[in-house]
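The structure file structure-v5.cif is reproduced below (mmCIF, C-alpha atoms).
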```cif
data_protein
loop_
_atom_site.label_atom_id
_atom_site.label_comp_id
_atom_site.auth_asym_id
_atom_site.auth_seq_id
_atom_site.Cartn_x
_atom_site.Cartn_y
_atom_site.Cartn_z
CA PRO A 63 0.00 0.00 0.00
CA SER A 64 1.42 3.37 -0.91
CA ALA A 65 0.51 6.97 -1.48
CA SER A 66 0.61 8.39 -5.00
CA ALA A 67 3.84 9.97 -6.30
CA ALA A 68 5.84 8.11 -3.66
CA SER A 69 8.57 5.58 -4.38
CA PHE A 70 11.03 3.38 -2.57
CA THR A 71 14.21 1.46 -3.19
CA ILE A 72 15.60 -1.60 -1.41
CA THR A 73 19.14 -0.68 -0.45
CA ARG A 74 20.01 -3.95 1.34
CA TYR A 75 18.73 -7.52 1.07
CA ASP A 76 20.23 -9.85 3.67
CA ALA A 77 18.82 -13.39 3.85
CA LEU A 78 19.73 -16.33 6.09
CA TYR A 79 18.64 -19.87 5.18
CA GLU A 80 19.11 -22.27 8.10
CA VAL A 81 18.69 -25.94 7.20
CA GLN A 82 17.21 -27.87 10.12
CA PRO A 83 18.10 -31.50 10.90
CA ASN A 84 14.61 -32.58 9.71
CA GLY A 85 15.14 -30.89 6.32
CA ASP A 86 12.99 -27.81 6.95
CA VAL A 87 14.62 -24.46 6.21
CA ARG A 88 14.17 -21.44 8.48
CA VAL A 89 14.40 -18.21 6.47
CA THR A 90 15.17 -14.77 7.89
CA GLU A 91 15.16 -11.84 5.46
CA ASP A 92 16.22 -8.31 6.42
CA LEU A 93 15.17 -5.78 3.78
CA GLU A 94 16.21 -2.15 4.12
CA TYR A 95 13.69 0.12 2.40
CA ASP A 96 14.50 3.72 1.52
CA PHE A 97 11.14 5.50 1.34
CA SER A 98 10.71 8.69 -0.67
CA GLY A 99 7.33 10.08 0.29
CA SER A 100 4.64 8.69 2.56
CA PHE A 101 3.72 4.99 2.72
CA ASN A 102 1.11 3.08 4.71
CA GLY A 103 3.09 -0.16 4.45
CA VAL A 104 4.72 -2.68 2.14
CA PHE A 105 4.09 -5.97 0.36
CA ARG A 106 6.46 -8.94 0.26
CA ASP A 107 5.68 -11.94 -1.95
CA VAL A 108 7.20 -15.39 -1.34
CA ASP A 109 7.13 -17.70 -4.35
CA THR A 110 7.07 -21.37 -3.31
CA ARG A 111 6.61 -22.75 -6.81
CA LEU A 112 9.03 -25.45 -7.90
CA GLY A 113 11.60 -25.08 -10.63
CA THR A 114 10.64 -26.06 -14.15
CA ASP A 115 12.74 -29.25 -13.98
CA ILE A 116 10.99 -30.60 -10.85
CA PRO A 117 7.73 -32.57 -11.25
CA ASP A 118 4.72 -30.78 -9.71
CA THR A 119 3.61 -33.78 -7.66
CA PRO A 120 2.12 -33.86 -4.14
CA GLU A 121 5.34 -35.14 -2.56
CA ASN A 122 7.23 -32.19 -4.07
CA GLN A 123 4.97 -29.47 -2.68
CA VAL A 124 6.85 -26.96 -0.55
CA GLY A 125 4.96 -25.60 2.45
CA ILE A 126 5.38 -22.37 4.38
CA ASP A 127 4.87 -22.03 8.13
CA PHE A 128 5.92 -20.12 11.28
CA ILE A 129 5.35 -16.66 9.81
CA SER A 130 6.50 -13.45 11.48
CA VAL A 131 7.30 -9.83 10.63
CA ALA A 132 9.23 -7.25 12.62
CA VAL A 133 10.75 -3.83 12.17
CA VAL A 134 14.42 -3.78 13.21
CA GLU A 135 15.49 -0.51 14.85
CA ASN A 136 19.06 -0.15 16.12
CA GLY A 137 19.41 -3.93 16.08
CA VAL A 138 16.27 -4.50 18.17
CA GLU A 139 13.16 -6.22 16.78
CA ARG A 140 9.79 -4.54 17.14
CA PRO A 141 7.34 -7.34 16.30
CA LEU A 142 4.25 -6.77 14.19
CA TYR A 143 1.14 -8.87 14.77
CA MET A 144 -0.70 -11.04 12.29
CA THR A 145 -4.36 -10.33 11.67
CA ASP A 146 -6.87 -12.13 9.47
CA GLU A 147 -8.26 -8.92 8.08
CA GLY A 148 -6.42 -5.72 8.84
CA ALA A 149 -8.05 -2.31 8.97
CA GLY A 150 -4.81 -0.68 7.91
CA GLU A 151 -3.65 -0.12 11.46
CA ASP A 152 0.06 0.25 12.10
CA GLY A 153 1.75 -2.73 13.70
CA LEU A 154 -0.31 -5.40 11.91
CA PHE A 155 0.27 -7.66 8.92
CA GLU A 156 -1.77 -10.08 6.86
CA PHE A 157 -0.46 -13.27 5.24
CA TYR A 158 -2.38 -15.00 2.47
CA GLN A 159 -2.08 -16.72 -0.90
CA GLY A 160 -1.57 -14.06 -3.55
CA ASP A 161 -2.80 -13.81 -7.11
CA ALA A 162 -0.62 -16.65 -8.43
CA TYR A 163 -0.60 -20.31 -7.43
CA LYS A 164 1.79 -21.02 -4.53
CA VAL A 165 2.82 -17.37 -4.22
CA TYR A 166 2.14 -16.06 -0.71
CA ARG A 167 1.92 -12.42 0.29
CA PHE A 168 2.84 -10.43 3.37
CA LYS A 169 0.74 -7.26 3.55
CA VAL A 170 2.39 -5.12 6.20
CA PHE A 171 0.85 -2.04 7.79
CA GLU A 172 3.65 0.24 8.95
CA SER A 173 3.60 3.96 8.21
CA SER A 174 6.86 5.32 6.81
CA ASN A 175 7.69 8.78 5.56
CA ASN A 176 10.95 9.84 3.87
CA GLU A 177 13.08 7.44 5.90
CA LYS A 178 15.01 4.20 5.83
CA LYS A 179 13.50 1.25 7.65
CA VAL A 180 14.48 -2.42 7.99
CA PHE A 181 11.72 -5.05 7.83
CA ARG A 182 12.49 -8.60 9.00
CA TYR A 183 10.42 -11.38 7.44
CA GLN A 184 10.71 -14.87 8.90
CA TYR A 185 9.16 -18.12 7.74
CA THR A 186 9.95 -21.83 7.52
CA LEU A 187 9.94 -23.73 4.24
CA THR A 188 8.89 -27.37 4.64
CA ASN A 189 9.61 -30.25 2.25
CA VAL A 190 12.20 -28.15 0.42
CA VAL A 191 15.34 -30.26 1.02
CA THR A 192 15.75 -33.43 -1.05
CA LYS A 193 17.42 -36.30 0.81
CA PHE A 194 19.33 -39.13 -0.83
CA ASN A 195 21.21 -42.02 0.77
CA ASP A 196 24.28 -40.07 1.82
CA ILE A 197 23.70 -36.46 0.73
CA ALA A 198 20.98 -33.85 0.62
CA THR A 199 20.32 -30.94 -1.73
CA LEU A 200 18.66 -27.58 -1.35
CA ASN A 201 17.78 -26.12 -4.74
CA TRP A 202 15.84 -22.88 -4.42
CA LYS A 203 15.21 -19.57 -6.18
CA MET A 204 16.23 -17.38 -3.28
CA ILE A 205 15.56 -14.33 -5.43
CA ASP A 206 12.51 -14.97 -7.60
CA ALA A 207 11.38 -13.06 -10.70
CA ASN A 208 8.49 -11.23 -9.00
CA TRP A 209 10.36 -8.21 -7.63
CA GLN A 210 9.22 -4.84 -8.98
CA VAL A 211 12.29 -2.87 -7.82
CA PRO A 212 16.03 -3.61 -7.92
CA LEU A 213 17.64 -5.25 -4.90
CA GLU A 214 20.91 -3.64 -3.86
CA ASN A 215 23.67 -5.20 -1.75
CA VAL A 216 22.30 -8.74 -1.81
CA LYS A 217 23.80 -11.18 0.67
CA ILE A 218 22.50 -14.74 1.09
CA THR A 219 23.89 -17.00 3.81
CA ILE A 220 23.02 -20.71 3.89
CA LYS A 221 23.80 -22.69 7.05
CA ILE A 222 23.57 -26.47 7.41
CA PRO A 223 23.59 -28.59 10.60
CA PRO A 224 27.01 -29.45 12.07
CA GLY A 225 28.81 -32.67 11.24
CA ALA A 226 29.89 -32.19 7.62
CA GLU A 227 33.41 -31.76 6.29
CA GLN A 228 34.00 -28.60 4.26
CA SER A 229 35.40 -30.72 1.43
CA ASP A 230 32.00 -32.47 1.13
CA LEU A 231 30.10 -29.24 0.38
CA ARG A 232 29.20 -27.86 -3.03
CA ILE A 233 27.33 -24.74 -4.16
CA PHE A 234 26.15 -23.72 -7.63
CA THR A 235 24.50 -20.36 -8.30
CA HIS A 236 22.40 -19.68 -11.41
CA GLY A 237 20.84 -16.48 -12.64
CA ASP A 238 22.57 -13.18 -12.00
CA LEU A 239 26.27 -13.86 -12.55
CA THR A 240 27.70 -10.51 -11.42
CA GLY A 241 28.31 -11.67 -7.85
CA PHE A 242 30.16 -14.58 -6.27
CA ASN A 243 29.59 -17.58 -4.05
CA GLU A 244 31.90 -19.27 -1.57
CA ILE A 245 32.01 -21.96 1.10
CA LEU A 246 33.07 -20.20 4.29
CA ASP A 247 33.37 -23.23 6.56
CA ALA A 248 31.89 -26.70 7.16
CA GLN A 249 28.44 -25.21 7.85
CA THR A 250 28.21 -21.98 5.89
CA PHE A 251 27.71 -20.95 2.27
CA ASN A 252 27.82 -17.30 1.21
CA VAL A 253 26.41 -15.61 -1.92
CA GLN A 254 26.84 -11.89 -2.59
CA ILE A 255 25.55 -9.78 -5.49
CA GLU A 256 25.83 -6.01 -5.75
CA LEU A 257 22.58 -5.49 -7.67
CA VAL A 258 19.74 -7.80 -8.79
CA THR A 259 17.42 -6.22 -11.34
CA PRO A 260 13.65 -6.90 -11.46
CA GLY A 261 12.76 -10.09 -13.30
CA THR A 262 16.15 -11.67 -12.59
CA THR A 263 16.33 -14.83 -10.51
CA VAL A 264 19.11 -16.08 -8.26
CA GLU A 265 18.88 -19.84 -7.77
CA ASN A 266 21.25 -21.66 -5.43
CA LEU A 267 21.90 -25.38 -5.38
CA VAL A 268 23.81 -26.57 -2.33
CA ILE A 269 24.87 -30.18 -1.79
CA PHE A 270 25.79 -31.45 1.66
CA PRO A 271 25.59 -34.50 3.97
CA LEU A 272 22.48 -34.69 6.13
#
```
Let me see the file written as structure tokens.
Amino acid sequence: PSASAASFTITRYDALYEVQPNGDVRVTEDLEYDFSGSFNGVFRDVDTRLGTDIPDTPENQVGIDFISVAVVENGVERPLYMTDEGAGEDGLFEFYQGDAYKVYRFKVFESSNNEKKVFRYQYTLTNVVTKFNDIATLNWKMIDANWQVPLENVKITIKIPPGAEQSDLRIFTHGDLTGFNEILDAQTFNVQIELVTPGTTVENLVIFPL
């Protein structure tokens, strides 16, 4: 929701994907918005659709759970509260299936006026890790093609449970190729991209023991 003649940019996108021992993935996204003008709030869409090379079968359906939103001010979270049907009051958010199949929408009510503000979105993706006999894979479009504005200073961190050797880990990044990826240690993958333009995807495939 926004007032006319107002605009915003996203000057930082910092995401953490934490793989749980059961294969769920806990996602924390910090988005820094730079608002020019007056806004009643923001939207954030999460696309849980599978890649084109994965069969769209019931056992492959990715779920989304444990939803929360907060504003981060000086490193401290100020939680917002979920409502089924908001009246546009500050401090509330709605979460529902959007216009497209398997695309879910945060509708956040938080007044902002000519300022920078960090929103923290958290959710858990279920049934997203594929397990084999001795390895597991996480293959996910961590930046999907639905963004309407560029994302600046993109950093994606992927953490897996302890117990692996760093030499066993692999990461492959597809999409925007202007950044880099690296394996920091036996639990941590890092992807950084200076700018992701609207319509561009960033898909990461990580391979690890689980």
>> Going by the chain IDs and residue numbers used in this file, which residues fall under the PyMOL selection byres ((chain A and resi 126) around 7)? Write them as a ChimeraX atom specification.
In response: /A:124-125,127,185-188
>> Give me, as a PyMOL selection string, all polymer residues having an atom no more than 12 Å from range 143-148 of chain A, counting all atoms listed in the file and skipping those fewer than 2 positions away in the same chain.
In response: chain A and resi 103+128-133+140-141+150-158+168-172
> Selected by the PyMOL selection byres ((chain A and resi 98) around 8) in the shown coordinates: which residues, as a ChimeraX atom specification?
Replying inline: /A:68-70,96-97,99-100,175-177
> For Val89 in chain A, which residue among A:Asp230, A:Tyr183, A:Lys164, A:Ile269 is the nearest when counting only C-alpha atoms?
Replying inline: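 Distance minimum relative to Val89 in chain A lands on A:Tyr183.
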> Can you tell me how far CA of Pro223 in chain A sits from CA of Asp109 in chain A, in Å to one decimal?
Replying inline: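 For CA of Pro223 in chain A relative to CA of Asp109 in chain A, the distance reads 24.8 Å.
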> In terms of the shortest atom-to-atom distance over only C-alpha atoms, which of A:Tyr166, A:Tyr75, A:Phe181, A:Phe194 is closest to Asp107 in chain A?
Replying inline: A:Tyr166
>> Just the number, please: distance in Å from CA of Asp238 in chain A to CA of Ile205 in chain A, one decimal.
In response: 9.7 Å
> Which neighbours of range 264-266 of chain A fall inside 8 Å, counting all atoms listed in the file, when residues of the same chain fewer than 4 positions from it are skipped, and could you give them as an NGL selection string?
Replying inline: :A and (200-206 or 233-238)
> What separation in Å, quoted to one decimal, exists between CA of Thr110 in chain A and CA of Leu213 in chain A?
Replying inline: 19.3 Å
> Do you know which residues are at most 10 Å from range 255-258 of chain A counting all atoms listed in the file, after dropping those on the same chain fewer than 5 positions away, and could you put them as a list in words?
Replying inline: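 So the residues in contact are Thr73, Arg74, Tyr75, Ile205, Trp209, Val211, Pro212, Leu213, Glu214, Asn215, Val216, Lys217, Ile218, Gly237, Asp238, Leu239, Thr240, Gly241, Phe242, Asn243, Thr263 and Val264 of chain A.
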> Closest to Gln249 in chain A among A:Leu112, A:Ile72, A:Ile222, A:Val104, using only C-alpha atoms?
Replying inline: A:Ile222
>> Please list as an MDAnalysis selection string every residue within 6 Å of Thr199 in chain A, counting only C-alpha atoms and excluding residues in the same chain fewer than 2 positions away.
In response: chainID A and resid 191:192 268:269
> Given the choices A:Leu142, A:Leu246, A:Ala207, A:Val190, which gets closest to Gly85 in chain A if the distance is worked out from only C-alpha atoms?
Replying inline: A:Val190
> Which residue out of A:Thr262, A:Asn84, A:Thr71, A:Asn102 has the minimum interatomic distance to Asn208 in chain A when all atoms listed in the file are used?
Replying inline: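 When distances to Asn208 in chain A are compared using all atoms listed in the file, the smallest one comes from A:Thr262.
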When you look at Ile197 in chain A with a cut-off of 6 Å (counting all atoms listed in the file), what residues show up, excluding the ones that are within fewer than 5 positions of it in the same chain? I need them as a PDB file with C-alpha atoms, keeping the file's coordinate frame.
```pdb
ATOM      1  CA  PHE A 270      25.790 -31.450   1.660  1.00  0.00           C
ATOM      2  CA  PRO A 271      25.590 -34.500   3.970  1.00  0.00           C
ATOM      3  CA  LEU A 272      22.480 -34.690   6.130  1.00  0.00           C
TER       4      LEU A 272
END
```
